[in-house]
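Asker: One file is attached below, coords-v7.tsv, containing TSV, C-alpha atoms and all ligand atoms.
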```
chain	number	residue	atom	x	y	z
A	511	MET	CA	13.11	-65.18	-42.00
A	512	LYS	CA	16.09	-67.49	-42.31
A	513	PRO	CA	16.99	-69.25	-39.02
A	514	PHE	CA	20.08	-67.87	-37.30
A	515	ALA	CA	22.15	-68.53	-34.20
A	516	TYR	CA	22.44	-65.99	-31.37
A	517	VAL	CA	25.55	-65.17	-29.33
A	518	ARG	CA	25.80	-62.45	-26.68
A	519	ALA	CA	29.21	-60.78	-26.50
A	520	ASP	CA	30.52	-59.76	-23.07
A	521	SER	CA	33.67	-57.97	-24.27
A	522	LEU	CA	35.03	-56.32	-27.41
A	523	ALA	CA	37.56	-59.10	-27.88
A	524	GLY	CA	34.82	-61.67	-27.32
A	525	ALA	CA	32.68	-60.03	-29.99
A	526	ALA	CA	35.51	-60.01	-32.54
A	527	GLU	CA	36.43	-63.61	-31.73
A	528	ALA	CA	32.81	-64.71	-32.08
A	529	TYR	CA	32.65	-62.98	-35.46
A	530	ALA	CA	35.77	-64.81	-36.61
A	531	ALA	CA	34.37	-68.12	-35.37
A	532	HIS	CA	30.99	-67.75	-37.12
A	533	PRO	CA	31.31	-67.16	-40.88
A	534	GLY	CA	28.42	-65.08	-42.15
A	535	ALA	CA	27.76	-63.44	-38.76
A	536	SER	CA	26.49	-59.90	-38.16
A	537	TYR	CA	26.76	-57.69	-35.09
A	538	LEU	CA	23.45	-56.68	-33.49
A	539	GLY	CA	23.07	-53.30	-31.75
A	540	GLY	CA	19.72	-51.51	-31.69
A	541	GLY	CA	18.55	-53.67	-34.61
A	542	THR	CA	16.29	-50.98	-36.08
A	543	ASN	CA	17.59	-51.50	-39.62
A	544	LEU	CA	19.19	-54.95	-39.51
A	545	VAL	CA	16.11	-56.78	-38.20
A	546	ASP	CA	13.88	-55.12	-40.82
A	547	LEU	CA	16.29	-56.22	-43.56
A	548	MET	CA	16.34	-59.76	-42.14
A	549	LYS	CA	12.54	-59.88	-42.34
A	550	LEU	CA	12.76	-58.81	-45.98
A	551	GLY	CA	15.38	-61.46	-46.72
A	552	VAL	CA	17.92	-58.81	-47.71
A	553	GLU	CA	20.24	-59.57	-44.80
A	554	ARG	CA	20.68	-63.27	-44.06
A	555	PRO	CA	23.22	-63.62	-41.25
A	556	THR	CA	24.03	-67.10	-39.99
A	557	THR	CA	24.64	-65.74	-36.48
A	558	LEU	CA	23.74	-62.55	-34.64
A	559	ILE	CA	26.43	-61.42	-32.23
A	560	ASP	CA	24.62	-59.20	-29.76
A	561	VAL	CA	26.92	-56.34	-28.75
A	562	SER	CA	24.19	-54.29	-27.08
A	563	ARG	CA	25.44	-55.08	-23.53
A	564	LEU	CA	29.00	-53.88	-24.12
A	565	PRO	CA	29.99	-50.79	-22.07
A	566	LEU	CA	29.85	-48.36	-25.00
A	567	ASP	CA	26.92	-46.22	-23.92
A	568	ALA	CA	28.64	-43.16	-22.43
A	569	VAL	CA	29.30	-39.61	-23.65
A	570	THR	CA	32.65	-38.57	-22.15
A	571	GLU	CA	34.50	-35.27	-22.23
A	572	LEU	CA	38.19	-35.97	-22.91
A	573	PRO	CA	41.07	-33.96	-21.39
A	574	ASP	CA	41.80	-32.21	-24.72
A	575	GLY	CA	38.24	-30.86	-24.86
A	576	SER	CA	36.94	-33.34	-27.44
A	577	LEU	CA	33.83	-35.40	-26.79
A	578	ARG	CA	33.77	-39.18	-27.09
A	579	VAL	CA	30.42	-40.78	-27.90
A	580	GLY	CA	30.13	-44.53	-27.33
A	581	ALA	CA	28.74	-46.54	-30.22
A	582	LEU	CA	25.77	-47.68	-28.12
A	583	VAL	CA	24.60	-44.19	-27.11
A	584	ARG	CA	21.01	-43.97	-28.33
A	585	ASN	CA	20.19	-41.33	-30.93
A	586	SER	CA	17.64	-39.63	-28.67
A	587	ASP	CA	20.10	-39.46	-25.75
A	588	LEU	CA	22.82	-38.01	-27.96
A	589	ALA	CA	20.50	-35.39	-29.46
A	590	ALA	CA	19.45	-34.27	-25.97
A	591	HIS	CA	22.90	-34.32	-24.37
A	592	PRO	CA	23.66	-30.81	-23.01
A	593	LEU	CA	27.26	-30.76	-24.32
A	594	VAL	CA	26.13	-31.82	-27.79
A	595	ARG	CA	23.32	-29.27	-27.90
A	596	ASP	CA	25.64	-26.56	-26.64
A	597	ARG	CA	28.86	-27.27	-28.59
A	598	TYR	CA	27.75	-29.19	-31.69
A	599	PRO	CA	24.20	-28.01	-32.46
A	600	ALA	CA	24.32	-29.36	-36.04
A	601	LEU	CA	24.69	-32.88	-34.65
A	602	SER	CA	21.75	-32.53	-32.30
A	603	GLN	CA	19.62	-31.06	-35.12
A	604	ALA	CA	20.62	-33.85	-37.52
A	605	LEU	CA	19.69	-36.55	-35.02
A	606	LEU	CA	16.31	-34.97	-34.33
A	607	ALA	CA	15.67	-34.72	-38.10
A	608	GLY	CA	16.10	-38.49	-38.46
A	609	ALA	CA	13.48	-41.23	-38.15
A	610	SER	CA	10.77	-41.09	-35.44
A	611	GLY	CA	10.91	-40.68	-31.68
A	612	GLN	CA	10.46	-44.41	-31.15
A	613	LEU	CA	13.27	-45.28	-33.54
A	614	ARG	CA	15.62	-42.68	-32.08
A	615	ASN	CA	15.05	-44.23	-28.64
A	616	ALA	CA	16.28	-47.60	-29.93
A	617	ALA	CA	18.80	-46.70	-32.63
A	618	THR	CA	22.46	-46.41	-31.65
A	619	THR	CA	25.28	-44.12	-32.81
A	620	GLY	CA	27.16	-47.02	-34.39
A	621	GLY	CA	24.05	-48.45	-36.01
A	622	ASN	CA	23.10	-45.05	-37.43
A	623	LEU	CA	26.44	-44.99	-39.29
A	624	LEU	CA	25.98	-48.56	-40.50
A	625	GLN	CA	22.38	-48.35	-41.73
A	626	ARG	CA	21.90	-49.43	-45.34
A	627	THR	CA	20.50	-47.48	-48.26
A	628	ARG	CA	16.72	-47.20	-48.58
A	629	CYS	CA	16.87	-47.77	-52.36
A	630	PRO	CA	13.65	-49.72	-53.01
A	631	TYR	CA	15.40	-52.14	-55.38
A	632	PHE	CA	17.91	-53.00	-52.66
A	633	GLN	CA	15.05	-53.83	-50.30
A	634	ASP	CA	13.15	-55.99	-52.81
A	635	VAL	CA	14.83	-59.36	-53.30
A	636	SER	CA	12.89	-59.95	-56.54
A	637	LYS	CA	14.73	-57.01	-58.21
A	638	PRO	CA	18.28	-56.75	-59.59
A	639	CYS	CA	20.67	-54.92	-57.30
A	640	ASN	CA	24.48	-54.86	-57.41
A	641	LYS	CA	24.65	-53.79	-53.79
A	642	ARG	CA	22.55	-56.67	-52.48
A	643	GLN	CA	23.79	-59.24	-54.99
A	644	PRO	CA	26.89	-58.16	-56.94
A	645	GLY	CA	26.68	-58.70	-60.69
A	646	THR	CA	22.88	-58.68	-60.98
A	647	GLY	CA	22.62	-55.10	-62.28
A	648	CYS	CA	21.08	-51.89	-60.98
A	649	GLY	CA	17.30	-51.71	-61.11
A	650	ALA	CA	17.23	-48.05	-60.20
A	651	ARG	CA	19.39	-46.66	-63.01
A	652	ASP	CA	16.62	-47.02	-65.62
A	653	GLY	CA	13.86	-47.31	-63.04
A	654	VAL	CA	12.59	-45.13	-60.22
A	655	HIS	CA	15.51	-42.96	-59.09
A	656	ARG	CA	14.05	-39.64	-57.99
A	657	ASP	CA	15.70	-40.05	-54.56
A	658	HIS	CA	19.06	-41.29	-55.84
A	659	ALA	CA	22.57	-39.86	-56.16
A	660	VAL	CA	23.70	-36.88	-58.23
A	661	LEU	CA	27.34	-36.95	-57.04
A	662	GLY	CA	29.95	-39.71	-57.06
A	663	HIS	CA	27.73	-42.48	-58.42
A	664	SER	CA	28.98	-45.26	-60.66
A	665	GLU	CA	27.63	-47.48	-63.43
A	666	ARG	CA	27.13	-50.15	-60.75
A	667	CYS	CA	25.15	-48.16	-58.19
A	668	ILE	CA	23.41	-44.79	-57.78
A	669	ALA	CA	22.22	-45.24	-54.18
A	670	THR	CA	22.45	-42.59	-51.46
A	671	HIS	CA	23.36	-43.02	-47.82
A	672	PRO	CA	20.32	-42.33	-45.63
A	673	SER	CA	21.91	-41.07	-42.40
A	674	ASP	CA	21.38	-37.49	-41.23
A	675	MET	CA	23.76	-37.90	-38.29
A	676	ALA	CA	26.66	-38.94	-40.54
A	677	VAL	CA	26.37	-35.71	-42.55
A	678	ALA	CA	26.79	-33.60	-39.41
A	679	LEU	CA	29.72	-35.76	-38.25
A	680	ALA	CA	31.44	-35.24	-41.62
A	681	ALA	CA	31.07	-31.45	-41.47
A	682	LEU	CA	32.27	-31.38	-37.85
A	683	ASP	CA	35.48	-33.31	-38.64
A	684	ALA	CA	34.52	-36.13	-36.28
A	685	ARG	CA	36.41	-39.40	-36.25
A	686	VAL	CA	34.99	-42.90	-36.06
A	687	GLU	CA	36.68	-45.38	-33.71
A	688	LEU	CA	36.97	-48.97	-34.90
A	689	TYR	CA	37.99	-52.11	-33.05
A	690	GLY	CA	39.11	-55.38	-34.61
A	691	LEU	CA	41.36	-58.30	-33.80
A	692	GLY	CA	44.12	-56.26	-35.48
A	693	GLY	CA	43.70	-53.41	-32.98
A	694	VAL	CA	42.05	-50.00	-32.72
A	695	ARG	CA	42.01	-47.35	-35.45
A	696	ARG	CA	40.28	-44.06	-36.11
A	697	VAL	CA	39.06	-42.81	-39.48
A	698	HIS	CA	37.66	-39.41	-40.42
A	699	ALA	CA	33.86	-39.52	-40.48
A	700	ALA	CA	33.95	-38.07	-44.01
A	701	ASP	CA	36.05	-41.06	-45.15
A	702	PHE	CA	34.19	-43.78	-43.27
A	703	HIS	CA	31.61	-44.38	-46.03
A	704	ARG	CA	32.73	-45.27	-49.56
A	705	LEU	CA	31.69	-44.21	-53.03
A	706	PRO	CA	30.20	-47.19	-54.90
A	707	GLY	CA	32.75	-47.60	-57.72
A	708	GLU	CA	33.01	-51.22	-58.79
A	709	HIS	CA	32.00	-52.54	-55.37
A	710	PRO	CA	28.74	-51.02	-54.17
A	711	GLU	CA	28.24	-54.00	-51.86
A	712	ARG	CA	30.75	-52.30	-49.53
A	713	ASP	CA	29.19	-49.27	-47.84
A	714	THR	CA	32.11	-48.40	-45.57
A	715	VAL	CA	35.83	-48.91	-45.01
A	716	LEU	CA	35.14	-51.39	-42.19
A	717	GLU	CA	37.15	-54.58	-42.51
A	718	PRO	CA	35.36	-57.89	-41.87
A	719	GLY	CA	34.80	-58.31	-38.15
A	720	GLU	CA	35.63	-54.71	-37.24
A	721	LEU	CA	33.24	-53.05	-34.85
A	722	VAL	CA	32.38	-49.35	-34.50
A	723	THR	CA	33.12	-48.52	-30.85
A	724	GLY	CA	32.54	-44.77	-30.85
A	725	VAL	CA	32.78	-41.36	-32.42
A	726	VAL	CA	35.05	-38.51	-31.30
A	727	LEU	CA	33.91	-34.92	-31.81
A	728	PRO	CA	36.93	-32.60	-32.00
A	729	ALA	CA	37.60	-29.79	-29.57
A	730	ALA	CA	38.35	-27.50	-32.53
A	731	ALA	CA	34.72	-27.55	-33.67
A	732	ALA	CA	33.27	-27.15	-30.17
A	733	GLY	CA	31.24	-23.98	-29.85
A	734	LEU	CA	31.53	-22.93	-33.50
A	735	PRO	CA	28.22	-21.94	-35.07
A	736	SER	CA	26.85	-24.99	-36.88
A	737	VAL	CA	23.54	-25.93	-38.49
A	738	TYR	CA	21.91	-28.98	-40.08
A	739	ARG	CA	19.08	-28.44	-42.55
A	740	LYS	CA	17.07	-31.14	-44.31
A	741	ALA	CA	14.61	-30.97	-47.22
A	742	ARG	CA	12.14	-33.87	-47.45
A	743	ASP	CA	8.75	-34.77	-48.82
A	744	ARG	CA	6.97	-34.40	-45.45
A	745	ALA	CA	7.80	-32.68	-42.20
A	746	SER	CA	8.82	-35.75	-40.17
A	747	TYR	CA	9.74	-39.42	-40.46
A	748	ALA	CA	11.09	-39.08	-44.01
A	749	PHE	CA	14.52	-39.46	-45.52
A	750	ALA	CA	16.23	-36.40	-46.99
A	751	LEU	CA	15.91	-35.37	-50.60
A	752	ALA	CA	18.88	-33.15	-49.89
A	753	SER	CA	20.45	-31.97	-46.66
A	754	VAL	CA	23.29	-29.74	-45.53
A	755	ALA	CA	25.47	-29.57	-42.43
A	756	ALA	CA	27.64	-26.50	-42.08
A	757	VAL	CA	30.15	-25.10	-39.60
A	758	LEU	CA	31.43	-21.58	-40.12
A	759	GLU	CA	34.13	-19.63	-38.32
A	760	VAL	CA	34.69	-15.99	-39.27
A	761	ALA	CA	37.67	-13.98	-37.98
A	762	ASP	CA	38.81	-10.47	-38.96
A	763	GLY	CA	36.03	-10.24	-41.52
A	764	VAL	CA	36.93	-13.37	-43.50
A	765	VAL	CA	36.11	-17.08	-43.34
A	766	ALA	CA	38.71	-18.77	-41.12
A	767	HIS	CA	37.12	-22.22	-41.23
A	768	ALA	CA	34.26	-23.78	-43.15
A	769	GLY	CA	33.00	-27.34	-42.78
A	770	LEU	CA	30.29	-28.18	-45.33
A	771	ALA	CA	28.73	-31.54	-46.08
A	772	PHE	CA	25.74	-32.62	-48.16
A	773	GLY	CA	23.42	-35.52	-47.42
A	774	ALA	CA	21.21	-37.55	-49.79
A	775	LEU	CA	23.29	-36.55	-52.82
A	776	ALA	CA	25.77	-39.43	-52.84
A	777	HIS	CA	26.65	-42.92	-51.62
A	778	ARG	CA	28.25	-41.24	-48.63
A	779	PRO	CA	27.98	-37.90	-46.86
A	780	TRP	CA	29.53	-35.53	-49.39
A	781	ARG	CA	32.18	-33.31	-47.82
A	782	ALA	CA	32.28	-30.21	-50.00
A	783	ARG	CA	36.05	-29.66	-50.11
A	784	ARG	CA	36.02	-27.46	-53.22
A	785	ALA	CA	33.51	-25.12	-51.66
A	786	GLU	CA	35.43	-25.02	-48.39
A	787	GLU	CA	38.67	-24.12	-50.18
A	788	ALA	CA	36.94	-21.37	-52.11
A	789	LEU	CA	35.53	-19.90	-48.90
A	790	LEU	CA	38.76	-19.81	-46.90
A	791	GLY	CA	39.88	-16.19	-46.63
A	792	ALA	CA	36.79	-14.86	-48.44
A	793	ALA	CA	34.40	-12.30	-47.01
A	794	PRO	CA	31.33	-14.18	-45.73
A	795	THR	CA	28.85	-12.75	-48.24
A	796	GLU	CA	25.93	-14.42	-49.98
A	797	ALA	CA	27.75	-13.98	-53.31
A	798	ALA	CA	30.81	-15.81	-51.95
A	799	PHE	CA	28.63	-18.65	-50.65
A	800	GLU	CA	26.84	-18.95	-54.02
A	801	HIS	CA	30.17	-19.06	-55.87
A	802	ALA	CA	31.63	-21.71	-53.54
A	803	VAL	CA	28.57	-23.96	-53.58
A	804	ASP	CA	28.29	-23.69	-57.38
A	805	LEU	CA	31.93	-24.79	-57.67
A	806	GLU	CA	31.14	-27.87	-55.61
A	807	LEU	CA	27.93	-28.78	-57.38
A	808	ALA	CA	29.50	-28.36	-60.83
A	809	GLN	CA	30.60	-31.98	-60.27
A	810	ALA	CA	26.99	-33.19	-60.15
A	811	ARG	CA	25.81	-35.70	-62.74
A	812	PRO	CA	22.04	-35.81	-62.31
A	813	LEU	CA	20.01	-38.71	-63.64
A	814	ARG	CA	16.79	-38.58	-65.69
A	815	ASP	CA	14.50	-37.81	-62.73
A	816	ASN	CA	16.60	-36.21	-60.00
A	817	ALA	CA	18.08	-33.01	-61.47
A	818	TYR	CA	15.91	-31.07	-58.99
A	819	LYS	CA	18.34	-32.08	-56.24
A	820	VAL	CA	21.09	-29.77	-57.51
A	821	PRO	CA	19.27	-26.42	-57.10
A	822	LEU	CA	17.60	-27.74	-53.94
A	823	ALA	CA	20.97	-28.53	-52.35
A	824	ARG	CA	22.44	-25.25	-53.63
A	825	ASN	CA	19.68	-23.14	-52.12
A	826	LEU	CA	19.83	-25.03	-48.81
A	827	ALA	CA	23.61	-24.58	-48.55
A	828	VAL	CA	23.65	-20.89	-49.48
A	829	ASP	CA	20.82	-20.20	-47.04
A	830	VAL	CA	22.47	-22.10	-44.20
A	831	LEU	CA	25.86	-20.42	-44.72
A	832	THR	CA	24.28	-16.97	-44.97
A	833	ARG	CA	22.37	-17.53	-41.74
A	834	LEU	CA	25.51	-18.75	-39.98
A	835	ALA	CA	27.37	-15.61	-41.09
A	836	ARG	CA	24.50	-13.41	-39.85
A	837	HIS	CA	24.42	-15.35	-36.58
A	838	ARG	CA	27.99	-14.22	-36.00
A	839	GLU	CA	27.16	-10.61	-36.81
A	840	ASP	CA	24.25	-10.72	-34.38
A	841	ALA	CA	26.29	-12.36	-31.61
A	901	LIG	FE1	21.05	-51.61	-55.90
A	901	LIG	FE2	22.49	-49.39	-55.82
A	901	LIG	FE3	21.11	-49.92	-57.98
A	901	LIG	FE4	19.80	-49.34	-55.73
A	901	LIG	S1	21.10	-47.95	-56.86
A	901	LIG	S2	19.33	-50.99	-57.20
A	901	LIG	S3	21.19	-50.17	-54.21
A	901	LIG	S4	22.80	-51.13	-57.18
```
Before anything else, please render the file you have as structure tokens.
Answerer:
Amino acid sequence: MKPFAYVRADSLAGAAEAYAAHPGASYLGGGTNLVDLMKLGVERPTTLIDVSRLPLDAVTELPDGSLRVGALVRNSDLAAHPLVRDRYPALSQALLAGASGQLRNAATTGGNLLQRTRCPYFQDVSKPCNKRQPGTGCGARDGVHRDHAVLGHSERCIATHPSDMAVALAALDARVELYGLGGVRRVHAADFHRLPGEHPERDTVLEPGELVTGVVLPAAAAGLPSVYRKARDRASYAFALASVAAVLEVADGVVAHAGLAFGALAHRPWRARRAEEALLGAAPTEAAFEHAVDLELAQARPLRDNAYKVPLARNLAVDVLTRLARHREDA
């Protein structure tokens, strides 16, 4: 591992100032992904700015009924939080579908959003990878890409984002809170990660030195039926081959609100806007769900070895939506 300096931040401003003062620095939270990548030589920060002692570890109910989750809340604590389990079950399910118990105890909400792709070429410094080293090419495009993207990929990169949690946040219309020397801003969770385009080295819309300080779950989604479902090669401790988070509100016999997002299909959680539009005002039938999901997945551009992801994602989404509609009937 390359030698690095260590700085402990005692305030948000102090963290941002330390970042500005140390070119090539990285923030350190739970470290469950960053430290692994440092050992592999993929990440080579000059300085680690430890933000793990900042007061960002609370889940707080806000006056408008939304729920603010600090960036340092551990994945296991968030999954088990009574308000999350009760009001946003898809988020709790997504967190519990990710990683292992030990990792969830260490990994943070902010770090979960910022984890890097598990593309094996990205993690192997002997291989070409435009994300790790822009301009070197993409080893996966003509190589092993069974786990890679079918939506929104580019000539430069076909990687997927590995987070389960981020897929649920996108479907739930959560916002991500960011802090930088320029101030505080909030971005929709569905817009926080980028498509690769010409610059796959940039995973998110974070500006240099900006820090994720929290996530806000909206009051509007609280209590709506929601589900996260993940298909993977083994029953635990595996990344998704395809996953779905869905929120469904039915009123007067028609869909009044649908939030649908796919995981493991793209460089970011894929918010299925076309499907959602098709569902609004429709009767919540299996045929309507099939039609809407097919509209969305018509955009898919599978690669040589990953066409299986399209019917897999379709069947997951139709099943999840149908169960959510039945859940309402049974309630
Ligand atoms: Fe790198 Fe992206 Fe290609 Fe993987 S898919 S080798 S991350 S450029």
Asker: Taking all atoms listed in the file and a cut-off of 9 Å, can you tell me which residues surround ligand LIG 901 (chain A), written as a PDB file with C-alpha atoms, keeping the file's coordinate frame?
Answerer:
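Listed below is the output, out-v9.pdb:
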```
ATOM      1  CA  ARG A 626      21.900 -49.430 -45.340  1.00  0.00           C
ATOM      2  CA  THR A 627      20.500 -47.480 -48.260  1.00  0.00           C
ATOM      3  CA  ARG A 628      16.720 -47.200 -48.580  1.00  0.00           C
ATOM      4  CA  CYS A 629      16.870 -47.770 -52.360  1.00  0.00           C
ATOM      5  CA  PRO A 630      13.650 -49.720 -53.010  1.00  0.00           C
ATOM      6  CA  TYR A 631      15.400 -52.140 -55.380  1.00  0.00           C
ATOM      7  CA  PHE A 632      17.910 -53.000 -52.660  1.00  0.00           C
ATOM      8  CA  GLN A 633      15.050 -53.830 -50.300  1.00  0.00           C
ATOM      9  CA  LYS A 637      14.730 -57.010 -58.210  1.00  0.00           C
ATOM     10  CA  PRO A 638      18.280 -56.750 -59.590  1.00  0.00           C
ATOM     11  CA  CYS A 639      20.670 -54.920 -57.300  1.00  0.00           C
ATOM     12  CA  ASN A 640      24.480 -54.860 -57.410  1.00  0.00           C
ATOM     13  CA  LYS A 641      24.650 -53.790 -53.790  1.00  0.00           C
ATOM     14  CA  ARG A 642      22.550 -56.670 -52.480  1.00  0.00           C
ATOM     15  CA  GLN A 643      23.790 -59.240 -54.990  1.00  0.00           C
ATOM     16  CA  PRO A 644      26.890 -58.160 -56.940  1.00  0.00           C
ATOM     17  CA  THR A 646      22.880 -58.680 -60.980  1.00  0.00           C
ATOM     18  CA  GLY A 647      22.620 -55.100 -62.280  1.00  0.00           C
ATOM     19  CA  CYS A 648      21.080 -51.890 -60.980  1.00  0.00           C
ATOM     20  CA  GLY A 649      17.300 -51.710 -61.110  1.00  0.00           C
ATOM     21  CA  ALA A 650      17.230 -48.050 -60.200  1.00  0.00           C
ATOM     22  CA  ARG A 651      19.390 -46.660 -63.010  1.00  0.00           C
ATOM     23  CA  GLY A 653      13.860 -47.310 -63.040  1.00  0.00           C
ATOM     24  CA  HIS A 655      15.510 -42.960 -59.090  1.00  0.00           C
ATOM     25  CA  HIS A 658      19.060 -41.290 -55.840  1.00  0.00           C
ATOM     26  CA  ALA A 659      22.570 -39.860 -56.160  1.00  0.00           C
ATOM     27  CA  HIS A 663      27.730 -42.480 -58.420  1.00  0.00           C
ATOM     28  CA  GLU A 665      27.630 -47.480 -63.430  1.00  0.00           C
ATOM     29  CA  ARG A 666      27.130 -50.150 -60.750  1.00  0.00           C
ATOM     30  CA  CYS A 667      25.150 -48.160 -58.190  1.00  0.00           C
ATOM     31  CA  ILE A 668      23.410 -44.790 -57.780  1.00  0.00           C
ATOM     32  CA  ALA A 669      22.220 -45.240 -54.180  1.00  0.00           C
ATOM     33  CA  THR A 670      22.450 -42.590 -51.460  1.00  0.00           C
ATOM     34  CA  PRO A 706      30.200 -47.190 -54.900  1.00  0.00           C
ATOM     35  CA  PRO A 710      28.740 -51.020 -54.170  1.00  0.00           C
ATOM     36  CA  GLU A 711      28.240 -54.000 -51.860  1.00  0.00           C
ATOM     37  CA  HIS A 777      26.650 -42.920 -51.620  1.00  0.00           C
TER      38      HIS A 777
END
```
Asker: Every residue with an atom at most 10 Å from (23.1, -37.8, -32.7) (file coordinates; only C-alpha atoms) is what I'm after, so could you write them as an NGL selection string?
Answerer: :A and (579 or 583-591 or 594-595 or 598-608 or 614 or 617-619 or 622 or 674-676 or 678-679)
Asker: Determine, using all atoms listed in the file, which residues of range 600-670 of chain A have any atom at most 8 Å from an atom of range 802-810 of chain A, and tabulate each with its shortest atom pair and distance in Å to one decimal place, rows ordered by chain and then rising number, as CSV.
Answerer:
```
residue,atom,partner,partner_atom,distance
A:Val660,CA,A:Ala810,CA,5.3
A:Leu661,CA,A:Ala810,CA,4.9
A:Gly662,CA,A:Ala810,CA,7.8
```
Asker: Quick one: which range 652-722 of chain A residues come within 10 Å of range 535-549 of chain A, and what is the nearest atom pair for each with the distance in Å to one decimal, counting only C-alpha atoms, rows ordered by chain and ascending number, as a Markdown table?
Answerer:
```
| residue | atom | partner | partner_atom | distance |
| --- | --- | --- | --- | --- |
| A:Pro718 | CA | A:Ser536 | CA | 9.8 |
| A:Gly719 | CA | A:Ser536 | CA | 8.5 |
| A:Glu720 | CA | A:Tyr537 | CA | 9.6 |
| A:Leu721 | CA | A:Tyr537 | CA | 8.0 |
```
Asker: What is the distance, in Å and to one decimal place, between CA of Lys740 in chain A and CA of Asp634 in chain A?
Answerer: 26.6 Å
Asker: If you count only C-alpha atoms, which residues fall within 8 Å of range 681-695 of chain A, apart from same-chain ones fewer than 6 positions away, as a VMD selection string?
Answerer: chain A and resid 522 to 523 526 to 527 598 702 716 719 to 728 731 755 to 757 769 to 771 781
Asker: CA of Thr556 in chain A and CA of His532 in chain A, how far apart in Å?
Answerer: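 That distance, rounded to one decimal, is 7.6 Å.
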Asker: With only C-alpha atoms as the atoms that count, which of A:Ala519, A:Val654, A:Ala835, A:Leu624 lies nearest to Ala699 in chain A?
Answerer: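 Counting only C-alpha atoms, the residue closest to Ala699 in chain A is A:Leu624.
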Asker: Out of A:Glu553, A:Asp520, A:Asp560, A:Asp657, which residue has the shortest atom-to-atom distance to Lys819 in chain A when counting only C-alpha atoms?
Answerer: A:Asp657
Asker: If you count all atoms listed in the file, which residues fall within 10 Å of Val828 in chain A, apart from same-chain ones fewer than 4 positions away, as a short mmCIF file (atom, residue, chain, number, x, y, z; two decimals) with C-alpha atoms, keeping the file's coordinate frame?
Answerer:
```cif
data_model
loop_
_atom_site.label_atom_id
_atom_site.label_comp_id
_atom_site.auth_asym_id
_atom_site.auth_seq_id
_atom_site.Cartn_x
_atom_site.Cartn_y
_atom_site.Cartn_z
CA VAL A 754 23.29 -29.74 -45.53
CA THR A 795 28.85 -12.75 -48.24
CA GLU A 796 25.93 -14.42 -49.98
CA ALA A 797 27.75 -13.98 -53.31
CA ALA A 798 30.81 -15.81 -51.95
CA PHE A 799 28.63 -18.65 -50.65
CA GLU A 800 26.84 -18.95 -54.02
CA HIS A 801 30.17 -19.06 -55.87
CA ALA A 802 31.63 -21.71 -53.54
CA VAL A 803 28.57 -23.96 -53.58
CA ASP A 804 28.29 -23.69 -57.38
CA ALA A 823 20.97 -28.53 -52.35
CA ARG A 824 22.44 -25.25 -53.63
CA THR A 832 24.28 -16.97 -44.97
CA ARG A 833 22.37 -17.53 -41.74
CA LEU A 834 25.51 -18.75 -39.98
#
```
Asker: Can you work out the spacing between CA of Leu558 in chain A and CA of Pro672 in chain A in Å, to one decimal?
Answerer: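 Spanning CA of Leu558 in chain A to CA of Pro672 in chain A is a straight-line distance of 23.3 Å.
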Asker: Near Glu759 in chain A, counting only C-alpha atoms, which residues have an atom at most 12 Å away, once you skip same-chain residues fewer than 5 positions from it, shown as a CSV table (one decimal) with C-alpha atoms, keeping the file's coordinate frame?
Answerer:
```csv
chain,number,residue,atom,x,y,z
A,682,LEU,CA,32.3,-31.4,-37.8
A,730,ALA,CA,38.4,-27.5,-32.5
A,731,ALA,CA,34.7,-27.6,-33.7
A,732,ALA,CA,33.3,-27.2,-30.2
A,733,GLY,CA,31.2,-24.0,-29.8
A,734,LEU,CA,31.5,-22.9,-33.5
A,735,PRO,CA,28.2,-21.9,-35.1
A,736,SER,CA,26.8,-25.0,-36.9
A,764,VAL,CA,36.9,-13.4,-43.5
A,765,VAL,CA,36.1,-17.1,-43.3
A,766,ALA,CA,38.7,-18.8,-41.1
A,767,HIS,CA,37.1,-22.2,-41.2
A,768,ALA,CA,34.3,-23.8,-43.2
A,769,GLY,CA,33.0,-27.3,-42.8
A,770,LEU,CA,30.3,-28.2,-45.3
A,786,GLU,CA,35.4,-25.0,-48.4
A,789,LEU,CA,35.5,-19.9,-48.9
A,790,LEU,CA,38.8,-19.8,-46.9
A,791,GLY,CA,39.9,-16.2,-46.6
A,792,ALA,CA,36.8,-14.9,-48.4
A,793,ALA,CA,34.4,-12.3,-47.0
A,794,PRO,CA,31.3,-14.2,-45.7
A,831,LEU,CA,25.9,-20.4,-44.7
A,834,LEU,CA,25.5,-18.8,-40.0
A,835,ALA,CA,27.4,-15.6,-41.1
A,836,ARG,CA,24.5,-13.4,-39.8
A,837,HIS,CA,24.4,-15.4,-36.6
A,838,ARG,CA,28.0,-14.2,-36.0
A,839,GLU,CA,27.2,-10.6,-36.8
```
Asker: Nearest residue to Ala729 in chain A out of A:Leu822, A:Val760, A:Leu593, A:Val561, using all atoms listed in the file?
Answerer: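 Comparing A:Leu822, A:Val760, A:Leu593, A:Val561 against Ala729 in chain A, the winner is A:Leu593.
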Asker: Using only C-alpha atoms, which of A:Arg656, A:Arg784, A:Thr714, A:Gln625 sits nearest Asp743 in chain A?
Answerer: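 Under the stated criterion, the closest residue is A:Arg656.
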